[in-house]
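Engineer: Dropping the structure in here first, questions after.
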Amino acid sequence: MKKKILITGGTGYIGSHTAVELIEKGYEILIIDNLSNSEEFIIDSIESITGTRPKFANIDLLDVEKLNIFFANNDNIEGVIHFAAAKAVGESVQKPLYYYKNNLGGTLNLLEAMKQYHIENFVFSSSCTVYGQPDKLPVTEKAPVKEAESPYGYTKQVCENILKDVIKSGAELKGIALRYFNPIGAHASGLIGELPVGVPANLLPYITQTAYGIREQLSVFGNDYNTPDGSCIRDYIHVVDLAKAHIIAIERLIHKKNKTPYEMFNLGTGNGFSVFEIIKSFEKVSGLQLNYKVEPRRAGDIEQIWADTTLANNELGWKAEKNIDEMTLSAWVWEQNYRKQ
Ligand code: WQD
């Protein structure tokens, strides 16, 4: 009998890549998603890649009634990996109420339902945004959580504390928060990848859409930072490396290998790359000259961050494997495949 894992937000970017890895590892996957920032064809793509179609339910986590019916009709779920959330930093500044209601309300409803149906393993999709601009680099899990720069980042901090407090209250719950750095790239098949709705906020999809001719020109938000080439530095990590870490995390909980009921891990490569270095990598792998212009800094951007990955390497036995050129090339292959559909 295959173990069942529920993925919320499973038609999304990281969720769909995690679904593929879990299916290929022999799990039965259930996906709930409200398709607010993804498309249902991703379910077909997951089936094309793995030969197995995950069970999909179009449910909004704010719809408590539908959520409970789902859990009542799907028993023996071993664990939940919770991706479903709104995640655009800039948008969150414009729509704080939506972000707090959606990201916090959704997590609270999910945890309530898990309690009612005695599901005790929970992996939470968190973000390095919780660190703000770290005082020391590389940043470890012990670094202080700083005041969030955006409502989006704040919802990640609050959800981590909700998880910690529910676990501390003695509930039958074990949790792992995974703090992602900058996920980029796409599955080698070119059938799933980052699918931003509207104008992309993130760097890589903006680059690939500019190269494809959908966007006129990439704006580089600032070249006057205190970094070697003046542009911001981030720890970009291939989405497939990130997905693989989720398998290890949920299995750690299922097999009760976790050292404490609540754990958290940085998921990065440990290397920082600047915006100009990403552009250079993209031009190398695509053979194209990217049209870009330096513009003023973007509000809310931190200058530089990259992960200390020691804890995840040692405790999870996980290490990111793909290099920056594999990341940018896979993003470009996905963009071309997606537009040809
Ligand atoms: C990266 C760098 C920009 C776009 C955010 C969230 C984080 C996670 C990933 C969800 C920055 C520069 C970008 C552009 C640019 N999201 N840039 N031109 O802001 O590091 O992280 O997305 O989990 O939580 O905070 O990622 O890709 O937006 O920006 O110059 O058109 O690229 O200034 O230096 P960010 P990003």
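As shown in the structure tokens, the chain order sets the letters A, B, ...; within each chain, residues go from 1, and ligands are also counted from 1 in the order they appear.
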Can you list, as a PDB file with N, CA and C atoms, in the first residue's frame, every protein, DNA or RNA residue that comes within 7 Å of range 88-92 of chain A when you count only C-alpha atoms, leaving out same-chain residues fewer than 3 positions away?
Structural biologist:
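Result written to around-v3.pdb:
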ATOM      1  N   LYS A  95      -1.299  44.586  -1.051  1.00  0.00           N
ATOM      2  CA  LYS A  95      -2.522  43.902  -0.589  1.00  0.00           C
ATOM      3  C   LYS A  95      -2.284  43.154   0.723  1.00  0.00           C
ATOM      4  N   PRO A  96      -1.921  43.859   1.799  1.00  0.00           N
ATOM      5  CA  PRO A  96      -1.604  43.165   3.058  1.00  0.00           C
ATOM      6  C   PRO A  96      -2.756  42.325   3.584  1.00  0.00           C
ATOM      7  N   TYR A  99      -2.950  39.048   1.853  1.00  0.00           N
ATOM      8  CA  TYR A  99      -1.814  38.164   2.208  1.00  0.00           C
ATOM      9  C   TYR A  99      -1.991  37.571   3.607  1.00  0.00           C
ATOM     10  N   SER A 150       8.305  42.862   4.314  1.00  0.00           N
ATOM     11  CA  SER A 150       7.033  42.870   3.566  1.00  0.00           C
ATOM     12  C   SER A 150       6.010  42.009   4.297  1.00  0.00           C
ATOM     13  N   PRO A 151       4.727  42.243   4.051  1.00  0.00           N
ATOM     14  CA  PRO A 151       3.698  41.370   4.641  1.00  0.00           C
ATOM     15  C   PRO A 151       3.917  39.904   4.251  1.00  0.00           C
ATOM     16  N   TYR A 152       4.405  39.676   3.027  1.00  0.00           N
ATOM     17  CA  TYR A 152       4.676  38.294   2.593  1.00  0.00           C
ATOM     18  C   TYR A 152       5.689  37.659   3.545  1.00  0.00           C
ATOM     19  N   ALA A 201       7.666  38.949 -11.062  1.00  0.00           N
ATOM     20  CA  ALA A 201       8.382  39.767 -10.078  1.00  0.00           C
ATOM     21  C   ALA A 201       9.813  39.264  -9.955  1.00  0.00           C
TER      22      ALA A 201
END
Engineer: For the structure I just gave you, how does DSSP split range 115-322 of chain A - specifically, which residues are helix (DSSP H, G or I)? Reply as a PyMOL selection string.
Structural biologist: chain A and resi 115-116+128-131+151-168+203-212+239-254+275-286+310-316
Engineer: Near Pro134 in chain A, counting only C-alpha atoms, which residues have an atom at most 12 Å away, once you skip same-chain residues fewer than 3 positions from it, shown as a list in words?
Structural biologist: Cys128, Thr129, Val130, Tyr131, Leu137, Pro138, Val139, Thr140, Glu141, Lys142, Ala143, Pro144, Val145, Lys146, Glu147, Ala148, Ile302, Glu303, Gln304, Ile305, Trp306, Ala307 and Asp308 of chain A
Engineer: Give one line per residue of chain A that approaches ligand 1 to at most 9 Å, naming the two atoms of the closest pair and their distance in Å to one decimal, counting only C-alpha atoms and all ligand atoms; sort by chain then ascending residue number and deliver it as a Markdown table.
Structural biologist:
| residue | atom | partner | partner_atom_place_in_ligand_line | distance |
| --- | --- | --- | --- | --- |
| A:Ala86 | CA | ligand 1 | 10 (C) | 8.6 |
| A:Lys87 | CA | ligand 1 | 10 (C) | 5.1 |
| A:Ala88 | CA | ligand 1 | 16 (N) | 6.4 |
| A:Val89 | CA | ligand 1 | 25 (O) | 5.7 |
| A:Gly90 | CA | ligand 1 | 25 (O) | 8.8 |
| A:Ser125 | CA | ligand 1 | 23 (O) | 8.2 |
| A:Ser126 | CA | ligand 1 | 23 (O) | 7.2 |
| A:Ser127 | CA | ligand 1 | 24 (O) | 5.2 |
| A:Cys128 | CA | ligand 1 | 24 (O) | 6.3 |
| A:Thr129 | CA | ligand 1 | 24 (O) | 4.9 |
| A:Val130 | CA | ligand 1 | 24 (O) | 8.2 |
| A:Glu149 | CA | ligand 1 | 25 (O) | 8.9 |
| A:Ser150 | CA | ligand 1 | 25 (O) | 8.6 |
| A:Tyr152 | CA | ligand 1 | 24 (O) | 7.7 |
| A:Gly153 | CA | ligand 1 | 24 (O) | 6.6 |
| A:Lys156 | CA | ligand 1 | 24 (O) | 8.8 |
| A:Arg179 | CA | ligand 1 | 23 (O) | 8.8 |
| A:Tyr180 | CA | ligand 1 | 23 (O) | 6.8 |
| A:Phe181 | CA | ligand 1 | 8 (C) | 6.8 |
| A:Asn182 | CA | ligand 1 | 9 (C) | 5.0 |
| A:Pro183 | CA | ligand 1 | 9 (C) | 6.7 |
| A:Ile184 | CA | ligand 1 | 27 (O) | 8.5 |
| A:Pro200 | CA | ligand 1 | 31 (O) | 7.2 |
| A:Ala201 | CA | ligand 1 | 28 (O) | 5.2 |
| A:Asn202 | CA | ligand 1 | 27 (O) | 3.2 |
| A:Leu203 | CA | ligand 1 | 4 (C) | 3.7 |
| A:Leu204 | CA | ligand 1 | 27 (O) | 6.3 |
| A:Pro205 | CA | ligand 1 | 27 (O) | 8.2 |
| A:Tyr206 | CA | ligand 1 | 31 (O) | 5.5 |
| A:Ile207 | CA | ligand 1 | 31 (O) | 7.4 |
| A:Leu218 | CA | ligand 1 | 31 (O) | 5.8 |
| A:Ser219 | CA | ligand 1 | 18 (N) | 5.0 |
| A:Val220 | CA | ligand 1 | 30 (O) | 3.5 |
| A:Phe221 | CA | ligand 1 | 30 (O) | 4.0 |
| A:Gly222 | CA | ligand 1 | 30 (O) | 6.8 |
| A:Asn223 | CA | ligand 1 | 30 (O) | 8.9 |
| A:Ser231 | CA | ligand 1 | 34 (O) | 6.8 |
| A:Cys232 | CA | ligand 1 | 34 (O) | 4.3 |
| A:Ile233 | CA | ligand 1 | 34 (O) | 6.3 |
| A:Arg234 | CA | ligand 1 | 20 (O) | 6.1 |
| A:Asp235 | CA | ligand 1 | 20 (O) | 8.4 |
| A:Tyr236 | CA | ligand 1 | 1 (C) | 8.8 |
| A:Ser274 | CA | ligand 1 | 34 (O) | 7.5 |
| A:Val275 | CA | ligand 1 | 32 (O) | 5.6 |
| A:Phe276 | CA | ligand 1 | 30 (O) | 8.7 |
| A:Ile278 | CA | ligand 1 | 32 (O) | 8.9 |
| A:Val294 | CA | ligand 1 | 30 (O) | 8.0 |
| A:Glu295 | CA | ligand 1 | 30 (O) | 8.2 |
| A:Arg297 | CA | ligand 1 | 33 (O) | 6.8 |
| A:Arg298 | CA | ligand 1 | 33 (O) | 5.8 |
| A:Ala299 | CA | ligand 1 | 33 (O) | 8.6 |
| A:Gly300 | CA | ligand 1 | 19 (O) | 8.0 |
| A:Asp301 | CA | ligand 1 | 33 (O) | 5.8 |
| A:Ile302 | CA | ligand 1 | 34 (O) | 7.2 |
| A:Glu303 | CA | ligand 1 | 34 (O) | 7.0 |
| A:Gln304 | CA | ligand 1 | 34 (O) | 7.9 |
| A:Ile305 | CA | ligand 1 | 20 (O) | 8.5 |
